[in-house]
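> Take a look at input.tsv, TSV, C-alpha atoms (C1' of nucleotides):
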chain	number	residue	atom	x	y	z
U	360	MET	CA	23.56	19.53	1.66
U	361	ASN	CA	21.73	17.93	-1.22
U	362	ILE	CA	19.48	14.95	-0.76
U	363	GLY	CA	22.15	12.43	-1.76
U	364	GLU	CA	24.58	13.44	0.95
U	365	VAL	CA	21.96	13.70	3.65
U	366	ALA	CA	20.56	10.32	2.61
U	367	GLN	CA	24.03	8.83	2.99
U	368	ARG	CA	24.63	10.39	6.39
U	369	ALA	CA	21.18	9.76	7.83
U	370	GLY	CA	21.05	6.22	6.47
U	371	LEU	CA	17.82	6.61	4.52
U	372	PRO	CA	17.11	6.33	0.78
U	373	PRO	CA	16.46	9.64	-1.01
U	374	LYS	CA	13.00	8.37	-1.96
U	375	THR	CA	12.12	7.94	1.68
U	376	ILE	CA	13.35	11.43	2.54
U	377	ARG	CA	11.16	12.93	-0.18
U	378	TYR	CA	8.29	10.89	1.17
U	379	TYR	CA	8.93	12.24	4.68
U	380	GLU	CA	8.74	15.75	3.26
U	381	ASP	CA	5.49	14.86	1.45
U	382	ILE	CA	3.85	13.80	4.68
U	383	GLY	CA	5.20	16.81	6.54
U	384	LEU	CA	7.77	15.19	8.83
U	385	ILE	CA	10.48	17.54	7.59
U	386	ARG	CA	10.46	20.88	5.76
U	387	PRO	CA	13.84	21.38	4.11
U	388	LEU	CA	14.62	24.72	2.47
U	389	ARG	CA	15.08	24.94	-1.27
U	390	SER	CA	18.04	26.26	-3.26
U	391	GLN	CA	17.47	28.57	-6.22
U	392	ASN	CA	17.79	25.62	-8.58
U	393	GLY	CA	14.90	23.88	-6.85
U	394	TYR	CA	17.06	21.34	-5.06
U	395	ARG	CA	16.29	20.62	-1.41
U	396	ALA	CA	18.87	22.37	0.80
U	397	PHE	CA	19.22	20.41	4.04
U	398	GLN	CA	20.57	21.99	7.23
U	399	GLU	CA	22.32	20.21	10.13
U	400	ASN	CA	19.02	20.21	11.98
U	401	ASP	CA	17.31	18.36	9.12
U	402	LEU	CA	20.08	15.80	9.17
U	403	HIS	CA	19.59	15.16	12.88
U	404	LYS	CA	15.86	14.87	12.43
U	405	LEU	CA	16.31	12.38	9.60
U	406	ALA	CA	18.77	10.33	11.64
U	407	PHE	CA	16.19	10.46	14.41
U	408	LEU	CA	13.52	9.19	12.05
U	409	ALA	CA	15.74	6.45	10.67
U	410	ARG	CA	16.52	5.18	14.14
U	411	ALA	CA	12.97	5.47	15.47
U	412	ARG	CA	11.61	3.61	12.42
U	413	ALA	CA	14.29	0.95	12.85
U	414	LEU	CA	13.06	0.58	16.43
U	415	GLY	CA	9.60	-0.02	15.03
U	416	PHE	CA	7.87	3.24	15.90
U	417	THR	CA	5.09	4.02	13.44
U	418	ILE	CA	5.19	7.16	11.34
U	419	GLU	CA	2.49	8.63	13.56
U	420	ASP	CA	4.62	7.90	16.64
U	421	CYS	CA	7.49	9.54	14.83
U	422	ARG	CA	5.37	12.59	14.10
U	423	THR	CA	4.69	12.99	17.81
U	424	LEU	CA	8.30	12.29	18.74
U	425	VAL	CA	9.63	14.81	16.24
U	426	ALA	CA	7.21	17.41	17.58
U	427	LEU	CA	8.49	16.71	21.09
U	428	TYR	CA	12.04	16.82	19.80
U	429	ASP	CA	11.31	20.29	18.43
U	430	ASP	CA	9.52	21.41	21.57
U	431	SER	CA	11.95	22.75	24.18
U	432	THR	CA	9.14	22.93	26.77
U	433	ARG	CA	8.32	19.21	26.50
U	434	GLU	CA	8.12	16.98	29.56
U	435	SER	CA	10.24	13.85	29.31
U	436	SER	CA	7.32	11.89	30.77
U	437	GLN	CA	5.48	12.36	27.47
U	438	VAL	CA	8.32	10.79	25.53
U	439	LYS	CA	8.69	8.02	28.06
U	440	ARG	CA	5.00	7.16	27.84
U	441	ILE	CA	5.13	6.79	24.05
U	442	ALA	CA	8.24	4.63	24.32
U	443	GLN	CA	6.64	2.46	26.98
U	444	GLU	CA	3.50	1.96	24.94
U	445	HIS	CA	5.64	0.93	22.02
U	446	LEU	CA	7.58	-1.44	24.25
U	447	GLY	CA	4.28	-3.06	25.15
U	448	GLN	CA	3.41	-3.45	21.48
U	449	ILE	CA	6.78	-5.03	20.79
U	450	ASP	CA	6.18	-7.49	23.62
U	451	GLU	CA	2.83	-8.41	22.10
U	452	LYS	CA	4.40	-9.00	18.72
U	453	ILE	CA	7.14	-11.15	20.22
U	454	ALA	CA	4.56	-13.22	22.11
U	455	LEU	CA	2.52	-13.72	18.94
U	456	LEU	CA	5.55	-14.75	16.92
U	457	LYS	CA	6.70	-17.14	19.63
U	458	SER	CA	3.31	-18.79	19.68
U	459	MET	CA	3.37	-19.06	15.88
U	460	ARG	CA	6.88	-20.46	16.04
U	461	ASN	CA	5.83	-23.01	18.60
U	462	THR	CA	2.88	-24.30	16.60
U	463	LEU	CA	4.80	-24.35	13.37
U	464	SER	CA	7.84	-26.12	14.74
U	465	HIS	CA	5.64	-28.87	16.15
U	466	LEU	CA	4.08	-29.27	12.72
U	467	VAL	CA	7.44	-29.32	10.98
U	468	GLU	CA	8.76	-31.93	13.38
U	469	SER	CA	5.78	-34.17	12.80
U	470	CYS	CA	6.17	-34.11	9.03
U	471	GLN	CA	8.22	-36.88	7.45
U	472	GLY	CA	9.39	-34.61	4.63
U	473	ASP	CA	9.77	-37.47	2.19
U	474	ASP	CA	8.38	-38.21	-1.27
U	475	MET	CA	5.00	-39.32	0.06
U	476	PRO	CA	1.98	-37.03	-0.04
U	477	ASP	CA	0.98	-37.57	3.61
U	478	CYS	CA	1.59	-34.33	5.44
U	479	PRO	CA	0.48	-33.46	8.98
U	480	ILE	CA	1.15	-29.80	8.19
U	481	LEU	CA	-1.52	-29.70	5.51
U	482	ASP	CA	-3.82	-31.87	7.61
U	483	ASP	CA	-3.60	-29.50	10.52
U	484	LEU	CA	-3.98	-26.39	8.44
U	485	SER	CA	-7.21	-27.54	6.83
U	486	THR	CA	-8.81	-28.40	10.17
U	487	ILE	CA	-11.75	-26.22	11.10
U	488	THR	CA	-11.27	-24.91	14.60
U	489	GLN	CA	-14.61	-23.93	16.06
C	521	MET	CA	-23.45	-22.20	1.88
C	522	ASN	CA	-23.56	-18.45	1.41
C	523	ILE	CA	-20.61	-16.27	2.18
C	524	GLY	CA	-21.88	-15.29	5.64
C	525	GLU	CA	-22.03	-18.83	6.92
C	526	VAL	CA	-18.72	-19.85	5.43
C	527	ALA	CA	-17.12	-16.70	6.83
C	528	GLN	CA	-18.42	-17.62	10.27
C	529	ARG	CA	-17.20	-21.19	10.05
C	530	ALA	CA	-13.83	-20.48	8.48
C	531	GLY	CA	-13.16	-17.54	10.77
C	532	LEU	CA	-12.61	-14.98	8.04
C	533	PRO	CA	-14.51	-11.78	7.20
C	534	PRO	CA	-16.66	-11.98	4.03
C	535	LYS	CA	-14.61	-9.16	2.55
C	536	THR	CA	-11.47	-11.22	2.86
C	537	ILE	CA	-13.12	-14.23	1.25
C	538	ARG	CA	-14.18	-12.13	-1.74
C	539	TYR	CA	-10.64	-10.84	-1.91
C	540	TYR	CA	-9.28	-14.39	-1.91
C	541	GLU	CA	-11.54	-15.15	-4.84
C	542	ASP	CA	-10.34	-11.99	-6.61
C	543	ILE	CA	-6.74	-13.10	-6.39
C	544	GLY	CA	-7.62	-16.65	-7.40
C	545	LEU	CA	-7.02	-18.54	-4.16
C	546	ILE	CA	-10.52	-20.02	-4.31
C	547	ARG	CA	-13.11	-20.43	-7.06
C	548	PRO	CA	-16.53	-20.91	-5.49
C	549	LEU	CA	-19.51	-21.82	-7.69
C	550	ARG	CA	-22.38	-19.38	-8.13
C	551	SER	CA	-26.08	-19.87	-7.45
C	552	GLN	CA	-28.65	-18.69	-9.98
C	553	ASN	CA	-29.19	-15.51	-7.96
C	554	GLY	CA	-25.51	-14.64	-8.34
C	555	TYR	CA	-24.60	-15.51	-4.76
C	556	ARG	CA	-21.42	-17.48	-4.18
C	557	ALA	CA	-22.27	-21.11	-3.42
C	558	PHE	CA	-19.55	-22.59	-1.24
C	559	GLN	CA	-18.94	-26.34	-0.98
C	560	GLU	CA	-17.37	-28.24	1.92
C	561	ASN	CA	-14.08	-28.23	0.05
C	562	ASP	CA	-14.13	-24.44	-0.18
C	563	LEU	CA	-14.77	-24.25	3.53
C	564	HIS	CA	-11.74	-26.41	4.28
C	565	LYS	CA	-9.58	-24.37	1.99
C	566	LEU	CA	-10.70	-21.15	3.63
C	567	ALA	CA	-10.06	-22.58	7.10
C	568	PHE	CA	-6.66	-23.60	5.76
C	569	LEU	CA	-6.02	-20.08	4.55
C	570	ALA	CA	-7.20	-18.51	7.80
C	571	ARG	CA	-4.87	-20.69	9.81
C	572	ALA	CA	-1.90	-20.36	7.50
C	573	ARG	CA	-2.27	-16.56	7.48
C	574	ALA	CA	-2.59	-16.57	11.27
C	575	LEU	CA	0.71	-18.46	11.34
C	576	GLY	CA	2.19	-15.66	9.29
C	577	PHE	CA	2.54	-17.33	5.89
C	578	THR	CA	2.35	-14.78	3.09
C	579	ILE	CA	-0.41	-14.97	0.49
C	580	GLU	CA	2.14	-16.28	-2.01
C	581	ASP	CA	3.16	-19.02	0.45
C	582	CYS	CA	-0.54	-19.78	0.81
C	583	ARG	CA	-0.94	-19.99	-2.93
C	584	THR	CA	1.78	-22.64	-3.06
C	585	LEU	CA	0.42	-24.46	-0.03
C	586	VAL	CA	-3.11	-24.53	-1.44
C	587	ALA	CA	-1.78	-25.88	-4.72
C	588	LEU	CA	0.03	-28.64	-2.80
C	589	TYR	CA	-3.11	-29.23	-0.77
C	590	ASP	CA	-4.99	-29.77	-4.03
C	591	ASP	CA	-2.25	-31.93	-5.51
C	592	SER	CA	-2.61	-35.57	-4.49
C	593	THR	CA	0.80	-36.39	-6.00
C	594	ARG	CA	2.65	-33.85	-3.85
C	595	GLU	CA	5.70	-34.81	-1.81
C	596	SER	CA	5.48	-33.86	1.84
C	597	SER	CA	9.09	-32.65	1.65
C	598	GLN	CA	7.89	-29.71	-0.46
C	599	VAL	CA	5.47	-28.64	2.22
C	600	LYS	CA	8.04	-29.17	4.94
C	601	ARG	CA	10.58	-27.02	3.12
C	602	ILE	CA	8.16	-24.09	2.85
C	603	ALA	CA	7.25	-24.42	6.52
C	604	GLN	CA	10.91	-24.56	7.52
C	605	GLU	CA	11.75	-21.47	5.50
C	606	HIS	CA	8.90	-19.67	7.16
C	607	LEU	CA	10.11	-20.84	10.55
C	608	GLY	CA	13.46	-19.27	9.75
C	609	GLN	CA	11.76	-15.99	8.86
C	610	ILE	CA	9.84	-16.06	12.12
C	611	ASP	CA	13.09	-16.57	14.00
C	612	GLU	CA	14.59	-13.58	12.24
C	613	LYS	CA	11.63	-11.42	13.14
C	614	ILE	CA	11.77	-12.51	16.76
C	615	ALA	CA	15.48	-11.73	16.91
C	616	LEU	CA	14.90	-8.29	15.41
C	617	LEU	CA	12.08	-7.50	17.82
C	618	LYS	CA	14.14	-8.69	20.79
C	619	SER	CA	16.99	-6.46	19.79
C	620	MET	CA	14.56	-3.54	19.39
C	621	ARG	CA	13.05	-4.36	22.76
C	622	ASN	CA	16.45	-4.43	24.36
C	623	THR	CA	17.54	-1.05	23.03
C	624	LEU	CA	14.24	0.58	23.79
C	625	SER	CA	13.95	-0.75	27.31
C	626	HIS	CA	17.42	0.60	28.14
C	627	LEU	CA	16.33	3.97	26.83
C	628	VAL	CA	13.09	3.92	28.77
C	629	GLU	CA	14.91	2.99	31.96
C	630	SER	CA	17.37	5.84	31.55
C	631	CYS	CA	14.61	8.44	31.15
C	632	GLN	CA	13.45	10.25	34.25
C	633	GLY	CA	9.93	10.62	32.90
C	634	ASP	CA	9.27	13.81	34.84
C	635	ASP	CA	8.19	17.33	33.88
C	636	MET	CA	11.66	18.31	32.70
C	637	PRO	CA	12.56	18.39	29.01
C	638	ASP	CA	15.80	16.39	29.36
C	639	CYS	CA	15.25	13.06	27.69
C	640	PRO	CA	17.90	10.45	26.91
C	641	ILE	CA	15.45	8.78	24.53
C	642	LEU	CA	15.32	11.81	22.24
C	643	ASP	CA	19.06	12.36	22.68
C	644	ASP	CA	19.83	8.86	21.56
C	645	LEU	CA	17.43	8.88	18.66
C	646	SER	CA	18.90	12.01	17.13
C	647	THR	CA	22.45	10.66	17.26
C	648	ILE	CA	23.98	10.03	13.87
C	649	THR	CA	25.45	6.55	13.77
C	650	GLN	CA	28.03	6.34	11.03
V	1111	DG	C1'	30.89	25.11	-26.77
V	1112	DC	C1'	29.08	20.45	-26.65
V	1113	DT	C1'	28.25	16.22	-24.82
V	1114	DT	C1'	27.94	12.91	-21.29
V	1115	DG	C1'	26.61	11.20	-16.98
V	1116	DA	C1'	25.31	11.71	-12.37
V	1117	DG	C1'	22.18	13.70	-9.48
V	1118	DC	C1'	18.18	16.26	-8.82
V	1119	DT	C1'	13.01	17.34	-9.69
V	1120	DT	C1'	7.91	15.91	-10.03
V	1121	DC	C1'	4.32	12.75	-10.86
V	1122	DC	C1'	2.06	8.39	-11.38
V	1123	DA	C1'	1.59	3.68	-10.33
V	1124	DG	C1'	2.50	-0.47	-7.68
V	1125	DT	C1'	3.36	-3.07	-3.42
V	1126	DC	C1'	0.75	-6.23	0.47
V	1127	DA	C1'	-3.35	-7.79	2.42
V	1128	DC	C1'	-6.92	-6.26	3.25
V	1129	DT	C1'	-10.89	-2.75	4.76
V	1130	DG	C1'	-14.61	0.77	4.28
V	1131	DG	C1'	-18.30	2.56	1.99
V	1132	DA	C1'	-21.67	3.43	-1.68
V	1133	DA	C1'	-25.29	1.83	-4.64
V	1134	DG	C1'	-28.15	-1.56	-5.69
V	1135	DG	C1'	-30.24	-6.56	-5.99
V	1136	DC	C1'	-32.29	-10.57	-3.33
V	1137	DA	C1'	-34.78	-13.09	0.51
V	1138	DT	C1'	-37.81	-13.37	4.21
V	1139	DA	C1'	-41.10	-11.74	7.65
V	1140	DT	C1'	-44.72	-8.74	8.81
N	245	DA	C1'	-45.84	-2.76	0.71
N	246	DT	C1'	-42.15	-2.40	3.59
N	247	DA	C1'	-38.49	-3.25	6.53
N	248	DT	C1'	-34.47	-5.88	7.52
N	249	DG	C1'	-30.51	-8.11	6.56
N	250	DC	C1'	-27.64	-10.43	3.49
N	251	DC	C1'	-25.74	-10.50	-0.89
N	252	DT	C1'	-23.50	-8.26	-5.18
N	253	DT	C1'	-19.94	-5.08	-7.55
N	254	DC	C1'	-16.92	-1.28	-7.77
N	255	DC	C1'	-14.00	2.34	-6.14
N	256	DA	C1'	-10.94	4.22	-2.88
N	257	DG	C1'	-7.94	4.16	1.16
N	258	DT	C1'	-4.61	2.11	4.44
N	259	DG	C1'	1.03	2.26	5.81
N	260	DA	C1'	5.30	3.11	4.44
N	261	DC	C1'	7.45	3.15	1.09
N	262	DT	C1'	9.44	1.80	-3.86
N	263	DG	C1'	9.99	1.82	-9.01
N	264	DG	C1'	10.00	4.13	-13.11
N	265	DA	C1'	9.34	7.81	-16.55
N	266	DA	C1'	10.23	12.39	-18.20
N	267	DG	C1'	12.70	16.23	-17.70
N	268	DC	C1'	15.98	19.83	-15.41
N	269	DT	C1'	20.81	21.00	-13.38
N	270	DC	C1'	25.55	20.59	-12.64
N	271	DA	C1'	30.40	19.34	-13.22
N	272	DA	C1'	33.81	17.24	-15.99
N	273	DG	C1'	36.03	16.00	-20.24
N	274	DC	C1'	36.99	16.85	-25.13
Show this structure as structure tokens.

Amino acid sequence: MNIGEVAQRAGLPPKTIRYYEDIGLIRPLRSQNGYRAFQENDLHKLAFLARARALGFTIEDCRTLVALYDDSTRESSQVKRIAQEHLGQIDEKIALLKSMRNTLSHLVESCQGDDMPDCPILDDLSTITQ
Amino acid sequence: MNIGEVAQRAGLPPKTIRYYEDIGLIRPLRSQNGYRAFQENDLHKLAFLARARALGFTIEDCRTLVALYDDSTRESSQVKRIAQEHLGQIDEKIALLKSMRNTLSHLVESCQGDDMPDCPILDDLSTITQ
DNA sequence: GCTTGAGCTTCCAGTCACTGGAAGGCATAT
DNA sequence: ATATGCCTTCCAGTGACTGGAAGCTCAAGC
């Protein structure tokens, strides 16, 4: 498979796949013409990466996960721990966004939104909070 | 005020304040010794920026908001519109994270997390979803 | 056989919003 | 005179790509 096909099937842009090779996440073979020659295994790894990234795992998480994926002697507890840590990070992000949402929606509600310059949003934002 | 004090009071690292000057968000005066000489107005703007960034507005949003802040002939509807758009983006991010959380927590629950290599998390991740 | 166009290659630069570190000047206290 | 701490600029790096240029390869059409 050339990069175009594998990109299609894994759901990643070719640029990203080249980047993943650059940083050592995958090591596709090369054809005689210099083209990358992807095997089934590469495709699965790339699909893996696409899905893990979509779930918000960092590239470094992915590096560990791919290594575990390749390692037949892994313990599933290792994978579970990484996933749980990530779940915790997602929860933190959600909490932060909810708090931001809360503050901002109060501000938006309090603003007239007319042709006058008075704006509680700007007033609040420029307040120094010691 | 020197940069250290203003950093303290606005709640931003000095490095970030210099960066904000670099990209033209603020234009502090200079003392004869070359130090930045911040006025009250600069302080308020920096507090504004700190808070807006903490609420997740992009730098470009901030640029617009600061311009409106400086513009006494602004209409509050302009500010409200930007805030509402941002609120929508926050909602999108929350929805995305919740969906990620959902998928991931199902995976985590289905994984034994023992010393065996079998791991539904890895199995799922490597599945090609057409 | 020649051309055209798509697809592939590498390499360099840019994105966003900082952050770290080096090298050196300035201010104040001892 | 020196030590310290704050200030300055400049350069480089982060994470995870993304865009674009210049050039090679391949398959199809004439």
> Would you list the contacts of DA1127 of chain V as number ranges by chain, taking every protein, DNA or RNA residue within 10 Å and counting all atoms listed in the file, but skipping same-chain residues closer than 6 positions in sequence?
C: 536, 539-540, 578-579
> For chain C against chain V, with a cut-off of 12 Å and counting all atoms listed in the file, what is the closest atom pair and its distance in Å to one decimal for every residue that makes the cut, ordered by chain and number, as CSV?

residue,atom,partner,partner_atom,distance
C:Leu532,CA,V:DC1128,C1',11.5
C:Pro533,CA,V:DT1129,C1',10.0
C:Pro534,CA,V:DT1129,C1',10.9
C:Lys535,CA,V:DT1129,C1',7.7
C:Thr536,CA,V:DC1128,C1',6.7
C:Ile537,CA,V:DC1128,C1',10.3
C:Arg538,CA,V:DC1128,C1',10.6
C:Tyr539,CA,V:DC1128,C1',7.8
C:Tyr540,CA,V:DA1127,C1',9.9
C:Asp542,CA,V:DC1128,C1',11.9
C:Ile543,CA,V:DA1127,C1',10.8
C:Ser551,CA,V:DC1136,C1',11.9
C:Gln552,CA,V:DC1136,C1',11.1
C:Asn553,CA,V:DC1136,C1',7.4
C:Gly554,CA,V:DC1136,C1',9.4
C:Tyr555,CA,V:DC1136,C1',9.3
C:Arg573,CA,V:DA1127,C1',10.2
C:Gly576,CA,V:DA1127,C1',11.8
C:Phe577,CA,V:DA1127,C1',11.7
C:Thr578,CA,V:DA1127,C1',9.0
C:Ile579,CA,V:DA1127,C1',8.0
C:Glu580,CA,V:DC1126,C1',10.4
> All in-order C-alpha pairs, least squares, chain C moved onto chain U. Output the fitted coordinates as a CSV table (one decimal) with C-alpha atoms, in the frame of the given file, please.

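Result went into part.csv, see below:
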chain,number,residue,atom,x,y,z
C,521,MET,CA,23.6,19.6,1.7
C,522,ASN,CA,21.8,17.9,-1.2
C,523,ILE,CA,19.5,15.0,-0.7
C,524,GLY,CA,22.2,12.4,-1.7
C,525,GLU,CA,24.6,13.5,1.0
C,526,VAL,CA,22.0,13.7,3.7
C,527,ALA,CA,20.6,10.4,2.6
C,528,GLN,CA,24.0,8.9,3.0
C,529,ARG,CA,24.6,10.4,6.4
C,530,ALA,CA,21.2,9.8,7.8
C,531,GLY,CA,21.0,6.3,6.5
C,532,LEU,CA,17.8,6.7,4.5
C,533,PRO,CA,17.1,6.4,0.8
C,534,PRO,CA,16.5,9.7,-1.0
C,535,LYS,CA,13.0,8.4,-2.0
C,536,THR,CA,12.1,8.0,1.7
C,537,ILE,CA,13.4,11.5,2.5
C,538,ARG,CA,11.2,13.0,-0.2
C,539,TYR,CA,8.3,11.0,1.2
C,540,TYR,CA,8.9,12.3,4.7
C,541,GLU,CA,8.7,15.8,3.3
C,542,ASP,CA,5.5,14.9,1.4
C,543,ILE,CA,3.9,13.8,4.6
C,544,GLY,CA,5.2,16.8,6.5
C,545,LEU,CA,7.8,15.2,8.8
C,546,ILE,CA,10.5,17.6,7.6
C,547,ARG,CA,10.5,20.9,5.7
C,548,PRO,CA,13.8,21.4,4.1
C,549,LEU,CA,14.6,24.8,2.4
C,550,ARG,CA,15.1,25.0,-1.3
C,551,SER,CA,18.1,26.3,-3.3
C,552,GLN,CA,17.6,28.6,-6.2
C,553,ASN,CA,17.9,25.6,-8.6
C,554,GLY,CA,15.0,23.9,-6.9
C,555,TYR,CA,17.1,21.3,-5.1
C,556,ARG,CA,16.4,20.7,-1.4
C,557,ALA,CA,18.9,22.4,0.8
C,558,PHE,CA,19.2,20.4,4.0
C,559,GLN,CA,20.6,22.0,7.2
C,560,GLU,CA,22.3,20.2,10.1
C,561,ASN,CA,19.0,20.3,12.0
C,562,ASP,CA,17.3,18.4,9.1
C,563,LEU,CA,20.1,15.8,9.2
C,564,HIS,CA,19.5,15.2,12.9
C,565,LYS,CA,15.8,14.9,12.4
C,566,LEU,CA,16.3,12.4,9.6
C,567,ALA,CA,18.7,10.4,11.6
C,568,PHE,CA,16.2,10.5,14.4
C,569,LEU,CA,13.5,9.2,12.0
C,570,ALA,CA,15.7,6.5,10.6
C,571,ARG,CA,16.5,5.2,14.1
C,572,ALA,CA,13.0,5.5,15.4
C,573,ARG,CA,11.6,3.6,12.4
C,574,ALA,CA,14.3,1.0,12.8
C,575,LEU,CA,13.1,0.6,16.4
C,576,GLY,CA,9.6,0.0,15.0
C,577,PHE,CA,7.9,3.2,15.9
C,578,THR,CA,5.1,4.0,13.4
C,579,ILE,CA,5.2,7.2,11.3
C,580,GLU,CA,2.5,8.6,13.5
C,581,ASP,CA,4.6,7.9,16.6
C,582,CYS,CA,7.5,9.5,14.8
C,583,ARG,CA,5.3,12.6,14.1
C,584,THR,CA,4.7,13.0,17.8
C,585,LEU,CA,8.3,12.3,18.8
C,586,VAL,CA,9.6,14.8,16.3
C,587,ALA,CA,7.1,17.4,17.6
C,588,LEU,CA,8.4,16.7,21.1
C,589,TYR,CA,12.0,16.8,19.8
C,590,ASP,CA,11.2,20.3,18.4
C,591,ASP,CA,9.4,21.4,21.6
C,592,SER,CA,11.9,22.8,24.2
C,593,THR,CA,9.1,22.9,26.8
C,594,ARG,CA,8.3,19.2,26.5
C,595,GLU,CA,8.1,16.9,29.5
C,596,SER,CA,10.2,13.8,29.3
C,597,SER,CA,7.3,11.8,30.8
C,598,GLN,CA,5.5,12.3,27.5
C,599,VAL,CA,8.3,10.8,25.5
C,600,LYS,CA,8.7,8.0,28.0
C,601,ARG,CA,5.0,7.1,27.8
C,602,ILE,CA,5.1,6.7,24.0
C,603,ALA,CA,8.3,4.6,24.3
C,604,GLN,CA,6.7,2.4,27.0
C,605,GLU,CA,3.5,1.9,24.9
C,606,HIS,CA,5.7,0.9,22.0
C,607,LEU,CA,7.6,-1.5,24.2
C,608,GLY,CA,4.3,-3.1,25.1
C,609,GLN,CA,3.5,-3.5,21.4
C,610,ILE,CA,6.8,-5.1,20.8
C,611,ASP,CA,6.2,-7.5,23.6
C,612,GLU,CA,2.9,-8.5,22.1
C,613,LYS,CA,4.4,-9.0,18.7
C,614,ILE,CA,7.2,-11.2,20.2
C,615,ALA,CA,4.6,-13.3,22.1
C,616,LEU,CA,2.6,-13.7,18.9
C,617,LEU,CA,5.6,-14.8,16.9
C,618,LYS,CA,6.8,-17.2,19.6
C,619,SER,CA,3.4,-18.8,19.7
C,620,MET,CA,3.4,-19.1,15.9
C,621,ARG,CA,6.9,-20.5,16.0
C,622,ASN,CA,5.9,-23.0,18.6
C,623,THR,CA,2.9,-24.3,16.6
C,624,LEU,CA,4.8,-24.4,13.3
C,625,SER,CA,7.9,-26.1,14.7
C,626,HIS,CA,5.7,-28.9,16.1
C,627,LEU,CA,4.1,-29.3,12.7
C,628,VAL,CA,7.4,-29.4,11.0
C,629,GLU,CA,8.8,-32.0,13.4
C,630,SER,CA,5.8,-34.2,12.8
C,631,CYS,CA,6.2,-34.2,9.0
C,632,GLN,CA,8.2,-36.9,7.4
C,633,GLY,CA,9.3,-34.7,4.6
C,634,ASP,CA,9.7,-37.5,2.2
C,635,ASP,CA,8.3,-38.3,-1.3
C,636,MET,CA,4.9,-39.4,0.1
C,637,PRO,CA,1.9,-37.1,0.0
C,638,ASP,CA,0.9,-37.6,3.7
C,639,CYS,CA,1.6,-34.4,5.5
C,640,PRO,CA,0.5,-33.5,9.0
C,641,ILE,CA,1.1,-29.8,8.2
C,642,LEU,CA,-1.6,-29.7,5.6
C,643,ASP,CA,-3.8,-31.9,7.7
C,644,ASP,CA,-3.6,-29.5,10.6
C,645,LEU,CA,-4.0,-26.4,8.5
C,646,SER,CA,-7.2,-27.5,6.9
C,647,THR,CA,-8.8,-28.4,10.3
C,648,ILE,CA,-11.8,-26.2,11.2
C,649,THR,CA,-11.3,-24.9,14.7
C,650,GLN,CA,-14.6,-23.8,16.1
> U:His445, U:Arg386, U:His465, U:His403: which is nearest chain C, counting all atoms listed in the file?
U:His403
> What is the atom CA of Asn461 of chain U to atom CA of Thr488 of chain U distance in Å?
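So the answer is 17.7 Å.
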> Should the cut-off be 10 Å, what would the residue list for chain N against chain U look like, counting all atoms listed in the file, as a PyMOL selection string?
chain N and resi 259-262+268-269
> Using all atoms listed in the file, determine which residues of chain U fall within 6 Å of chain C; present them as a list in words.
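That gives the following set of residues: His403, Ala406, Phe407, Arg410, Leu414, Arg433, Glu434, Ser435, Ser436, Lys439, Ile453, Met459, Gly472, Asp473, Asp474, Met475, Pro476, Cys478, Leu484, Ser485 and Ile487 of chain U.
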> Using atom CA of Glu605 of chain C and atom CA of Arg583 of chain C as the two end points, give the distance in Å to one decimal.
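Result for atom CA of Glu605 of chain C versus atom CA of Arg583 of chain C: 15.3 Å, one decimal.
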> Quote the spacing between atom CA of Gly363 of chain U and atom C1' of DC274 of chain N in Å to one decimal place.
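Between atom CA of Gly363 of chain U and atom C1' of DC274 of chain N the gap is 28.0 Å.
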> Have a look at U:Ala426, U:Cys421, U:Pro387, U:Arg395 and name the one nearest to Ile362 of chain U; count all atoms listed in the file.
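Looking only at the distances to Ile362 of chain U, the closest residue turns out to be U:Arg395.
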> What box, with edges along x, y and z, holds each listed atom of segment 1125-1139 of chain V when 4 Å is added on every side, and can you state its centre and edge lengths in Å to one decimal, as JSON?

{"center_x": -18.9, "center_y": -5.0, "center_z": 0.8, "size_x": 52.5, "size_y": 24.8, "size_z": 21.6}
